[in-house]
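Dumped entry.tsv below, it's TSV, C-alpha atoms:
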chain	number	residue	atom	x	y	z
F	1	MET	CA	-82.02	-110.15	116.21
F	2	ALA	CA	-82.64	-108.21	119.44
F	3	GLU	CA	-79.12	-106.75	119.39
F	4	THR	CA	-79.54	-105.86	115.70
F	5	ARG	CA	-82.73	-103.95	116.43
F	6	LYS	CA	-81.12	-102.05	119.27
F	7	ALA	CA	-78.09	-101.02	117.25
F	8	SER	CA	-80.23	-99.60	114.47
F	9	ARG	CA	-81.95	-97.09	116.75
F	10	PHE	CA	-79.14	-94.53	116.66
F	11	ILE	CA	-80.80	-93.14	113.51
F	12	VAL	CA	-82.00	-89.61	114.25
F	13	PRO	CA	-85.81	-90.03	114.36
F	14	VAL	CA	-85.61	-93.43	116.05
F	15	ALA	CA	-83.28	-92.16	118.75
F	16	VAL	CA	-85.49	-89.15	119.43
F	17	ALA	CA	-88.57	-91.32	119.76
F	18	GLY	CA	-86.75	-93.76	122.01
F	19	ALA	CA	-85.70	-90.97	124.36
F	20	ALA	CA	-89.28	-89.78	124.61
F	21	ALA	CA	-90.64	-93.27	125.20
F	22	ALA	CA	-88.29	-93.78	128.12
F	23	THR	CA	-90.21	-91.22	130.20
F	24	ILE	CA	-93.85	-91.79	129.24
F	25	GLY	CA	-96.82	-93.80	130.44
F	26	LEU	CA	-99.52	-95.59	128.48
F	27	VAL	CA	-103.27	-95.21	128.13
F	28	PRO	CA	-104.49	-97.60	125.41
F	29	ALA	CA	-106.76	-96.01	122.82
F	30	LEU	CA	-108.09	-96.93	119.40
F	31	ALA	CA	-106.91	-95.04	116.36
F	32	ALA	CA	-109.12	-92.16	115.33
F	33	SER	CA	-110.51	-91.96	111.84
F	34	GLY	CA	-108.37	-90.13	109.37
F	35	ASP	CA	-106.57	-90.23	106.08
F	36	PRO	CA	-105.07	-92.67	105.19
F	37	ASP	CA	-107.53	-95.32	106.30
F	38	LEU	CA	-105.53	-97.82	108.35
F	39	PRO	CA	-106.57	-100.73	110.57
F	40	GLU	CA	-107.35	-99.81	114.17
F	41	ILE	CA	-104.49	-100.18	116.62
F	42	THR	CA	-104.08	-99.57	120.34
F	43	ALA	CA	-101.37	-97.38	121.81
F	44	GLN	CA	-99.73	-100.40	123.42
F	45	GLN	CA	-99.70	-102.25	120.09
F	46	LEU	CA	-98.17	-99.21	118.40
F	47	ILE	CA	-95.39	-98.95	121.00
F	48	GLU	CA	-94.72	-102.67	120.52
F	49	LYS	CA	-94.59	-102.03	116.77
F	50	ILE	CA	-91.91	-99.36	117.28
F	51	ALA	CA	-89.88	-101.71	119.47
F	52	ALA	CA	-90.20	-104.54	116.96
F	53	SER	CA	-88.94	-102.44	114.07
F	54	ASP	CA	-85.86	-104.01	112.50
F	55	THR	CA	-85.14	-101.19	110.05
F	56	GLN	CA	-81.46	-101.42	109.14
F	57	THR	CA	-81.24	-99.47	105.89
F	58	LEU	CA	-82.63	-96.14	104.81
F	59	SER	CA	-81.81	-92.89	103.08
F	60	GLY	CA	-83.64	-89.64	102.75
F	61	THR	CA	-84.03	-85.99	103.64
F	62	PHE	CA	-84.71	-84.92	107.20
F	63	LYS	CA	-85.83	-81.48	108.41
F	64	ILE	CA	-85.53	-80.27	112.00
F	65	SER	CA	-86.82	-76.99	113.46
F	66	THR	CA	-86.15	-75.96	117.05
F	67	ASP	CA	-87.77	-73.00	118.78
F	68	LEU	CA	-87.11	-72.61	122.51
F	69	GLY	CA	-88.53	-69.10	122.51
F	70	LEU	CA	-85.10	-67.57	123.10
F	71	PRO	CA	-84.25	-64.07	121.89
F	72	ALA	CA	-81.76	-63.61	119.07
F	73	LEU	CA	-78.28	-64.00	120.53
F	74	GLY	CA	-76.72	-61.48	118.18
F	75	GLY	CA	-73.00	-61.17	118.85
F	76	LEU	CA	-72.98	-63.41	121.91
F	77	ALA	CA	-70.88	-66.13	120.32
F	78	SER	CA	-68.29	-63.73	119.00
F	79	GLY	CA	-68.30	-61.83	122.28
F	80	LEU	CA	-67.42	-64.99	124.14
F	81	GLY	CA	-64.48	-65.56	121.81
F	82	GLY	CA	-62.68	-68.77	122.65
F	83	LEU	CA	-64.77	-69.51	125.72
F	84	GLY	CA	-64.97	-73.25	126.11
F	85	GLY	CA	-64.12	-74.57	122.70
F	86	GLY	CA	-63.74	-71.66	120.32
F	87	ASP	CA	-60.36	-73.02	119.26
F	88	ALA	CA	-61.76	-76.42	118.28
F	89	PRO	CA	-61.63	-77.29	114.56
F	90	SER	CA	-64.81	-76.30	112.74
F	91	ALA	CA	-65.30	-79.89	111.53
F	92	ASP	CA	-65.35	-81.32	115.09
F	93	PRO	CA	-68.83	-82.94	115.50
F	94	SER	CA	-68.99	-81.93	119.17
F	95	GLN	CA	-68.96	-78.31	118.05
F	96	LYS	CA	-70.76	-78.39	114.70
F	97	LEU	CA	-73.83	-80.42	115.64
F	98	THR	CA	-74.76	-77.97	118.40
F	99	GLU	CA	-76.19	-75.86	115.56
F	100	LEU	CA	-79.15	-78.24	115.47
F	101	ALA	CA	-80.27	-76.87	118.85
F	102	SER	CA	-81.75	-73.77	117.23
F	103	GLY	CA	-83.30	-72.66	113.96
F	104	THR	CA	-84.31	-74.79	110.99
F	105	HIS	CA	-81.95	-77.23	109.30
F	106	THR	CA	-82.16	-79.74	106.46
F	107	LEU	CA	-80.14	-82.93	106.56
F	108	ARG	CA	-79.51	-85.83	104.23
F	109	VAL	CA	-79.22	-89.12	106.06
F	110	ALA	CA	-78.27	-92.66	105.08
F	111	ALA	CA	-77.78	-95.84	107.07
F	112	ASP	CA	-76.69	-99.38	106.31
F	113	GLY	CA	-76.86	-101.23	109.62
F	114	PRO	CA	-74.91	-100.34	112.76
F	115	GLU	CA	-71.56	-100.05	110.94
F	116	ARG	CA	-72.29	-97.42	108.29
F	117	GLN	CA	-74.13	-94.13	108.59
F	118	ARG	CA	-73.89	-90.73	106.96
F	119	LEU	CA	-75.40	-87.38	107.92
F	120	THR	CA	-75.00	-84.24	105.83
F	121	LEU	CA	-76.07	-80.86	107.20
F	122	LEU	CA	-77.04	-78.52	104.37
F	123	ASP	CA	-76.47	-74.79	104.96
F	124	GLY	CA	-76.95	-72.87	101.75
F	125	SER	CA	-74.12	-73.70	99.39
F	126	ASP	CA	-72.03	-75.15	102.25
F	127	GLU	CA	-72.22	-78.71	103.52
F	128	TYR	CA	-71.12	-80.45	106.67
F	129	SER	CA	-70.87	-84.25	106.51
F	130	LEU	CA	-70.44	-86.78	109.29
F	131	ILE	CA	-69.61	-90.31	108.09
F	132	HIS	CA	-69.26	-93.48	110.16
F	133	ASN	CA	-67.81	-96.43	108.22
F	134	GLY	CA	-66.60	-99.34	110.32
F	135	ASP	CA	-63.89	-98.16	112.70
F	136	ASP	CA	-63.61	-94.71	111.12
F	137	VAL	CA	-65.56	-91.55	111.81
F	138	TRP	CA	-64.96	-88.70	109.37
F	139	ALA	CA	-66.37	-85.18	109.46
F	140	TYR	CA	-65.90	-82.57	106.74
F	141	ASP	CA	-66.77	-78.88	106.71
F	142	SER	CA	-66.79	-77.58	103.13
F	143	LYS	CA	-66.84	-73.94	104.22
F	144	SER	CA	-63.50	-74.13	106.05
F	145	ASN	CA	-62.18	-77.13	104.09
F	146	GLU	CA	-61.38	-78.85	107.39
F	147	VAL	CA	-61.56	-82.57	108.15
F	148	PHE	CA	-61.96	-84.28	111.52
F	149	HIS	CA	-61.03	-87.98	111.82
F	150	GLU	CA	-61.37	-90.42	114.69
F	151	LYS	CA	-60.82	-94.17	114.82
F	152	GLY	CA	-62.45	-96.86	116.92
F	153	LYS	CA	-65.29	-94.78	118.31
F	154	GLY	CA	-68.20	-96.43	116.49
F	155	ALA	CA	-71.32	-94.57	115.47
F	156	PRO	CA	-71.69	-91.12	117.06
F	157	GLY	CA	-74.34	-91.30	119.76
F	158	THR	CA	-74.48	-95.10	119.85
F	159	PRO	CA	-74.82	-96.37	123.43
F	160	GLU	CA	-71.78	-98.34	124.61
F	161	SER	CA	-73.95	-100.89	126.41
F	162	HIS	CA	-77.39	-102.30	125.64
F	163	GLU	CA	-77.70	-104.74	128.53
F	164	GLU	CA	-80.35	-102.71	130.32
F	165	LEU	CA	-82.56	-102.15	127.28
F	166	PRO	CA	-85.71	-104.26	126.85
F	167	GLY	CA	-85.17	-107.12	124.43
F	168	THR	CA	-88.67	-107.74	123.03
F	169	PRO	CA	-91.60	-105.52	121.99
F	170	LYS	CA	-93.67	-106.79	124.92
F	171	GLN	CA	-90.86	-106.04	127.38
F	172	PHE	CA	-90.47	-102.58	125.88
F	173	ALA	CA	-94.18	-101.80	126.35
F	174	ASP	CA	-94.13	-103.22	129.88
F	175	GLU	CA	-91.18	-100.99	130.79
F	176	VAL	CA	-93.05	-97.95	129.47
F	177	LEU	CA	-96.09	-98.88	131.54
F	178	LYS	CA	-93.99	-99.41	134.66
F	179	ALA	CA	-92.10	-96.13	134.34
F	180	ALA	CA	-95.11	-93.97	133.59
F	181	GLY	CA	-97.47	-94.55	136.47
F	182	ASP	CA	-100.51	-92.29	136.28
F	183	THR	CA	-98.82	-89.11	135.05
F	184	THR	CA	-99.19	-89.56	131.29
F	185	SER	CA	-101.83	-90.19	128.68
F	186	ILE	CA	-100.87	-91.99	125.49
F	187	THR	CA	-103.35	-92.43	122.68
F	188	VAL	CA	-103.33	-93.05	118.95
F	189	GLY	CA	-104.41	-89.74	117.48
F	190	GLY	CA	-105.41	-90.76	114.01
F	191	THR	CA	-103.27	-91.28	110.93
F	192	ALA	CA	-101.11	-89.16	108.64
F	193	ARG	CA	-98.97	-89.14	105.50
F	194	VAL	CA	-95.30	-88.42	106.23
F	195	ALA	CA	-92.68	-88.41	103.47
F	196	GLY	CA	-95.13	-90.29	101.26
F	197	ARG	CA	-95.64	-93.05	103.86
F	198	ASP	CA	-98.79	-94.08	105.74
F	199	ALA	CA	-98.31	-93.48	109.46
F	200	TYR	CA	-100.06	-93.71	112.80
F	201	GLN	CA	-99.88	-90.73	115.18
F	202	LEU	CA	-98.83	-91.61	118.74
F	203	VAL	CA	-99.93	-88.75	121.03
F	204	ILE	CA	-98.31	-88.35	124.45
F	205	LYS	CA	-99.70	-85.80	126.95
F	206	PRO	CA	-99.05	-85.02	130.61
F	207	LYS	CA	-101.99	-85.59	132.92
F	208	GLN	CA	-100.47	-83.22	135.47
F	209	SER	CA	-100.97	-79.47	135.43
F	210	GLY	CA	-97.90	-77.29	135.69
F	211	SER	CA	-95.84	-78.89	132.91
F	212	THR	CA	-94.60	-76.77	130.01
F	213	VAL	CA	-95.15	-79.72	127.66
F	214	GLU	CA	-98.48	-79.66	125.84
F	215	SER	CA	-97.90	-82.85	123.86
F	216	VAL	CA	-95.40	-85.09	122.13
F	217	LYS	CA	-96.48	-86.56	118.81
F	218	ILE	CA	-94.64	-89.36	117.02
F	219	ALA	CA	-95.63	-90.38	113.50
F	220	VAL	CA	-94.90	-94.10	113.14
F	221	ASP	CA	-94.57	-95.87	109.78
F	222	ALA	CA	-97.59	-98.16	109.54
F	223	ALA	CA	-95.68	-100.78	107.57
F	224	ASN	CA	-92.40	-101.16	109.47
F	225	GLY	CA	-92.78	-99.29	112.77
F	226	THR	CA	-90.01	-96.73	112.11
F	227	PRO	CA	-90.71	-93.30	113.65
F	228	LEU	CA	-90.88	-90.80	110.80
F	229	LYS	CA	-91.62	-87.55	112.62
F	230	PHE	CA	-91.35	-86.15	116.15
F	231	THR	CA	-93.14	-83.01	117.37
F	232	LEU	CA	-92.82	-81.50	120.86
F	233	SER	CA	-95.27	-78.68	121.60
F	234	SER	CA	-95.33	-76.23	124.50
F	235	VAL	CA	-98.34	-75.05	126.50
F	236	GLU	CA	-97.35	-71.54	125.36
F	237	GLY	CA	-98.53	-72.40	121.86
F	238	GLY	CA	-96.94	-71.02	118.71
F	239	LYS	CA	-94.35	-73.00	116.82
F	240	PRO	CA	-93.41	-76.44	118.22
F	241	VAL	CA	-90.35	-76.54	120.44
F	242	VAL	CA	-89.04	-79.36	118.25
F	243	ASP	CA	-90.46	-80.42	114.89
F	244	ALA	CA	-88.27	-83.06	113.26
F	245	GLY	CA	-89.12	-85.50	110.53
F	246	PHE	CA	-88.43	-87.00	107.13
F	247	THR	CA	-89.55	-85.14	104.03
F	248	LYS	CA	-88.28	-87.99	101.83
F	249	VAL	CA	-87.38	-91.54	102.87
F	250	ASP	CA	-86.39	-94.77	101.13
F	251	PHE	CA	-85.79	-97.99	103.04
F	252	ALA	CA	-83.70	-99.62	100.30
F	253	LYS	CA	-80.00	-100.35	100.96
F	254	PRO	CA	-77.87	-97.27	100.16
F	255	ALA	CA	-74.88	-97.60	97.83
F	256	ALA	CA	-71.57	-98.43	99.49
F	257	SER	CA	-70.12	-95.26	97.94
F	258	ASP	CA	-72.37	-93.18	100.19
F	259	PHE	CA	-70.13	-94.11	103.14
F	260	ALA	CA	-66.77	-93.75	101.42
F	261	PHE	CA	-64.66	-90.67	102.16
F	262	GLU	CA	-61.52	-89.22	100.65
F	263	VAL	CA	-59.80	-86.18	102.12
F	264	PRO	CA	-60.31	-83.27	99.69
F	265	LYS	CA	-57.22	-81.68	98.21
F	266	GLY	CA	-55.72	-79.03	100.47
F	267	ALA	CA	-57.97	-79.85	103.42
F	268	GLU	CA	-56.58	-79.54	106.94
F	269	VAL	CA	-57.02	-82.82	108.88
F	270	THR	CA	-57.36	-83.01	112.66
F	271	GLU	CA	-57.03	-86.41	114.30
F	272	GLY	CA	-59.36	-86.87	117.27
F	273	GLY	CA	-58.22	-88.58	120.44
F	274	ALA	CA	-58.02	-88.34	124.20
F	275	GLU	CA	-55.18	-85.83	123.96
F	276	GLU	CA	-57.12	-83.31	121.90
F	277	ALA	CA	-58.99	-81.82	124.87
F	278	PRO	CA	-58.41	-81.75	128.61
F	279	ARG	CA	-60.30	-84.48	130.47
F	280	ASP	CA	-59.37	-83.37	134.00
F	281	GLY	CA	-62.44	-81.19	134.46
F	282	LYS	CA	-60.46	-77.91	134.31
F	283	LEU	CA	-62.04	-74.87	132.71
F	284	PRO	CA	-60.47	-73.34	129.60
F	285	GLU	CA	-57.73	-70.79	130.25
F	286	GLY	CA	-59.20	-67.34	130.81
F	287	PHE	CA	-62.72	-68.70	131.41
F	288	GLU	CA	-63.11	-67.06	134.82
F	289	GLU	CA	-62.06	-63.67	133.49
F	290	LYS	CA	-65.04	-63.62	131.10
F	291	LEU	CA	-67.65	-64.30	133.81
F	292	PRO	CA	-69.45	-61.81	136.08
F	293	GLU	CA	-67.91	-61.10	139.46
F	294	GLY	CA	-68.76	-63.81	141.96
F	295	PHE	CA	-70.29	-66.12	139.35
F	296	GLY	CA	-68.22	-69.15	140.34
F	297	ASP	CA	-68.29	-68.59	144.09
F	298	GLY	CA	-69.75	-71.50	146.00
F	299	PHE	CA	-70.04	-73.82	143.00
F	300	ALA	CA	-67.25	-76.15	144.12
F	301	ASP	CA	-69.83	-78.05	146.16
F	302	PHE	CA	-72.50	-77.62	143.48
F	303	GLY	CA	-73.73	-81.22	143.47
F	304	LYS	CA	-73.91	-81.63	147.22
F	305	GLY	CA	-77.11	-79.57	147.51
F	306	LEU	CA	-78.95	-81.29	144.66
F	307	ASN	CA	-82.46	-82.52	145.43
F	308	VAL	CA	-85.49	-83.53	143.38
F	309	ILE	CA	-89.09	-82.75	144.24
F	310	GLY	CA	-92.31	-83.76	142.51
F	311	GLU	CA	-92.77	-86.54	139.99
F	312	GLY	CA	-93.43	-87.23	136.36
F	313	TRP	CA	-93.75	-84.21	134.10
F	314	THR	CA	-93.67	-81.73	137.01
F	315	THR	CA	-90.37	-82.89	138.52
F	316	ILE	CA	-88.23	-79.99	139.74
F	317	ALA	CA	-84.52	-80.16	140.49
F	318	THR	CA	-83.44	-77.97	143.38
F	319	ILE	CA	-79.85	-76.96	144.05
F	320	ASP	CA	-78.47	-75.02	146.99
F	321	THR	CA	-75.26	-73.47	145.70
F	322	GLY	CA	-74.41	-72.09	149.12
F	323	ALA	CA	-73.62	-68.71	147.58
F	324	PRO	CA	-75.57	-65.53	146.89
F	325	ALA	CA	-76.68	-64.93	143.31
F	326	PRO	CA	-73.79	-63.67	141.14
F	327	LYS	CA	-73.41	-60.00	140.36
F	328	THR	CA	-73.72	-59.21	136.67
F	329	ASP	CA	-72.90	-55.51	136.60
F	330	GLY	CA	-69.40	-56.19	135.32
F	331	ALA	CA	-70.41	-58.87	132.81
F	332	PRO	CA	-69.63	-58.51	129.08
F	333	LYS	CA	-72.48	-56.69	127.37
F	334	GLU	CA	-73.44	-59.78	125.36
F	335	ILE	CA	-73.89	-61.87	128.52
F	336	GLN	CA	-75.66	-59.02	130.33
F	337	GLY	CA	-78.04	-58.54	127.40
F	338	LEU	CA	-78.85	-62.22	127.29
F	339	LEU	CA	-79.50	-62.37	131.04
F	340	ASP	CA	-81.72	-59.28	130.89
F	341	SER	CA	-83.74	-60.66	127.97
F	342	LEU	CA	-84.22	-64.07	129.55
F	343	GLY	CA	-84.69	-63.11	133.19
F	344	ASP	CA	-87.62	-61.61	135.07
F	345	GLN	CA	-87.35	-60.33	138.64
F	346	VAL	CA	-89.83	-62.14	140.90
F	347	THR	CA	-90.67	-61.98	144.60
F	348	GLY	CA	-92.62	-64.08	147.08
F	349	PRO	CA	-92.46	-65.62	150.54
F	350	PHE	CA	-89.17	-67.20	149.41
F	351	GLY	CA	-87.67	-63.70	149.01
F	352	SER	CA	-86.59	-62.44	145.60
F	353	GLY	CA	-84.84	-63.85	142.58
F	354	THR	CA	-84.53	-64.02	138.82
F	355	LEU	CA	-86.65	-66.27	136.65
F	356	PHE	CA	-85.01	-67.51	133.43
F	357	LYS	CA	-87.49	-68.80	130.89
F	358	THR	CA	-87.78	-70.74	127.66
F	359	LYS	CA	-90.76	-72.47	126.07
F	360	LEU	CA	-89.66	-75.78	127.58
F	361	VAL	CA	-87.36	-75.42	130.59
F	362	ASN	CA	-87.57	-72.67	133.20
F	363	ALA	CA	-85.22	-71.89	136.08
F	364	LEU	CA	-85.53	-69.73	139.19
F	365	LEU	CA	-82.34	-68.42	140.81
F	366	THR	CA	-83.07	-66.91	144.22
F	367	ASP	CA	-80.93	-64.14	145.64
F	368	ASP	CA	-79.72	-66.45	148.42
F	369	GLY	CA	-78.23	-68.89	145.91
F	370	LYS	CA	-80.92	-71.55	145.54
F	371	VAL	CA	-81.83	-72.85	142.07
F	372	TYR	CA	-85.12	-74.43	140.98
F	373	VAL	CA	-85.25	-75.83	137.45
F	374	GLY	CA	-87.61	-78.04	135.46
F	375	ALA	CA	-89.87	-78.39	132.42
F	376	VAL	CA	-92.56	-76.65	134.44
F	377	THR	CA	-94.29	-73.29	134.40
F	378	LYS	CA	-92.88	-70.30	136.24
F	379	GLU	CA	-95.79	-70.52	138.70
F	380	ALA	CA	-94.76	-74.06	139.59
F	381	LEU	CA	-91.18	-72.93	140.28
F	382	ILE	CA	-92.30	-70.05	142.48
F	383	ASP	CA	-94.68	-72.36	144.38
F	384	ALA	CA	-91.80	-74.80	144.97
F	385	ALA	CA	-89.56	-72.00	146.27
F	386	ASN	CA	-92.31	-70.71	148.54
F	387	ALA	CA	-92.98	-74.20	149.92
F	388	ALA	CA	-89.29	-74.68	150.72
F	389	LYS	CA	-89.10	-71.42	152.70
Would you mind writing the structure in this file as C-alpha cells?
Amino acid sequence: MAETRKASRFIVPVAVAGAAAATIGLVPALAASGDPDLPEITAQQLIEKIAASDTQTLSGTFKISTDLGLPALGGLASGLGGLGGGDAPSADPSQKLTELASGTHTLRVAADGPERQRLTLLDGSDEYSLIHNGDDVWAYDSKSNEVFHEKGKGAPGTPESHEELPGTPKQFADEVLKAAGDTTSITVGGTARVAGRDAYQLVIKPKQSGSTVESVKIAVDAANGTPLKFTLSSVEGGKPVVDAGFTKVDFAKPAASDFAFEVPKGAEVTEGGAEEAPRDGKLPEGFEEKLPEGFGDGFADFGKGLNVIGEGWTTIATIDTGAPAPKTDGAPKEIQGLLDSLGDQVTGPFGSGTLFKTKLVNALLTDDGKVYVGAVTKEALIDAANAAK
C-alpha cells in the first residue's frame, strides 16, 4: 500500500504539493472558521492526511497560471532560432511542456493508477496530448500533426526510486518537522470549496525576512486528502507567481479508452531514445556564435566556486565564475533587450554589478564574475555581496 500511494503522487497537483512539503516546517494550528463548516484539524494532522491519501483514479480539468513578473519576450524565441533544441519535434514533451512555465493554460487530466495517465493541453482549437499507457508514452501535437513515441520510460516525471521517501503519514510529518527547523510557519487557514469539493487550506509562510515568498497555500480535499489547488504568492503582491488547481474533478475510474492512442492519418512519428539527442554535455552547433562576446569565458570551472550561505527560505547560492561579467554590446537585439529589461545596475562596497529580477528568484552578477542567486529580495543579495567583500 505504501508503494501504491507513492506512485500515485506524480499527478500534477499532488506532485506540486509534495515538492513544497519537502522544504517546509510545521507550526500546528486549528482550522479557522469558514465555509464549508468542517471539523477542526491541526496542521500536522492535515499533512498526515495528504501523506495517507491513496487516490489512484481521477479525471478533470486543471488550470495553471504562472506570473514571474517577466517582461514580454516578443521575438526572443524566433531570434534564438535553433538555439538548444529548436530542431526538436514539436510533439516532444521536453519542449512542449515548457509552455506551462508562463501564462495561463487549461489542461484535461486523467489517471488510473501508476500505469495509465493522460494530460491534454488545450490551446484554442489546438490540442497537445501526453499519454502514458503501460510501457508506452505517446505525445501528439494537433497543430503540426506530429507524434512523439517512447517505450519503457514509465510515467513522465515519476521518480525512478522511492526508497528514501517516508512510508507512513506519521513518518512524512516527522520528516517535514525535521527539515523545517524554526524557519517556517504552517497553519490551517480555514476552509474552501475547490472544484465542487470541500477542502482545508494549508498555509505555509516563511518566518524569516528577506524571502520573496509571501505564502504557499495548498487546498486539500477534506474527504480523501488529495491536494486540489496550489498557490504561491510573492511579497511583491499582484497576481500569484503560481496558481494551479482543479476546476472540475471526479475520482471515479476513467474509461480505458481515455488512455488508448492511435497515430492519426498522415502524422509524422518520431521515436524517442538515447540517440535522439547528444548526451555528452556538448552545446548545440553554433551555440557560442549566438552568445555575447566573452559570455562563456571562465565557465569551464563553473561548479568549483559554488557555495551556499544562509538557511531556510533565505538561502543564497554563490558562484565565483573566475571571469569578469560578459560583454553584451555585440549580443543579438532580442537577448540585449531581455537583459536590459530584467537587469538593474547596482553598486555597493562589493563594487558594481547587474541585478536580474523576477517575482520569485533574483540574481546578482558582479562585474568581477561573482554570482549571488536565491528566492530572496534584491536587498538580501546586495547585503550578501557586501558581506563577502
What gap, in Å, lies between atom CA of Gln44 of chain F and atom CA of Val376 of chain F?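 About the pair atom CA of Gln44 of chain F and atom CA of Val376 of chain F: they are 27.1 Å apart.
Using only C-alpha atoms, the contacts of segment 239-242 of chain F at a cut-off of 8 Å, with sequence neighbours closer than 6 positions omitted, comprise Ile64, Ser65, Thr66, Asp67, Leu68, Gly69, Phe230, Thr231, Leu232, Ser233, Lys359 and Leu360 of chain F.
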To one decimal place, how far is atom CA of Ala222 of chain F from atom CA of Lys253 of chain F in Å?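 Atom CA of Lys253 of chain F lies at a distance of 19.7 Å from atom CA of Ala222 of chain F.
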Within 12 Å of Gly152 of chain F, counting all atoms listed in the file, which residues qualify if same-chain residues fewer than 5 places away don't, as a count of residues only? 10
Selected residue, from F:Asp383, F:Asp112, F:Asp221, F:Asp243, that lies nearest to Gln56 of chain F when counting only C-alpha atoms: F:Asp112
Need to verify the contact set: Ala384 of chain F, 10 Å, all atoms listed in the file, exclusion of same-chain residues closer than 4 positions in sequence. Can you return it as a PyMOL selection string? chain F and resi 309-310+316+318+350+364+372+378-380+388-389
How would the residues just chosen look if you wrote them out with C-alpha atoms as a compact mmCIF listing (two decimals), in the frame of the given file?
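Ended up saving to again_34.txt:
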# COMPACT_ATOMS: atom_id res chain seq x y z
CA ILE F 309 -89.09 -82.75 144.24
CA GLY F 310 -92.31 -83.76 142.51
CA ILE F 316 -88.23 -79.99 139.74
CA THR F 318 -83.44 -77.97 143.38
CA PHE F 350 -89.17 -67.20 149.41
CA LEU F 364 -85.53 -69.73 139.19
CA TYR F 372 -85.12 -74.43 140.98
CA LYS F 378 -92.88 -70.30 136.24
CA GLU F 379 -95.79 -70.52 138.70
CA ALA F 380 -94.76 -74.06 139.59
CA ALA F 388 -89.29 -74.68 150.72
CA LYS F 389 -89.10 -71.42 152.70
Coordinates-based distance that separates atom CA of Ser90 of chain F from atom CA of Phe259 of chain F (Å, one decimal):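 That distance, rounded to one decimal, is 20.9 Å.
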In file coordinates, which residues lie within 6 Å of (-88.3, -63.7, 133.8) using only C-alpha atoms, given as a count of residues only? 7
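Nearest residue to Phe261 of chain F among F:Arg118, F:Gly238, F:Leu38, F:Pro349 is F:Arg118, counting all atoms listed in the file.
The shortest atom-to-atom distance to Ala252 of chain F, with only C-alpha atoms taken into account, belongs to F:Leu58 out of F:Leu58, F:Val361, F:Ile131, F:Ala52.
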Between F:Asn224, F:Ser211, F:Thr347, F:Asn307, which has the minimum distance to Lys49 of chain F (counting only C-alpha atoms)?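 Between F:Asn224, F:Ser211, F:Thr347, F:Asn307, the residue approaching Lys49 of chain F most closely is F:Asn224.
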I need the residue nearest Glu150 of chain F from this list: F:Ala91, F:Ala255, F:Ala260, F:Val188. Use all atoms listed in the file for the distance.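 For Glu150 of chain F, the nearest of the given residues is F:Ala91.
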Taking all atoms listed in the file into account, name the residue in F:Ala139, F:Val220, F:His105, F:Thr321 that is nearest to Asp123 of chain F. F:His105
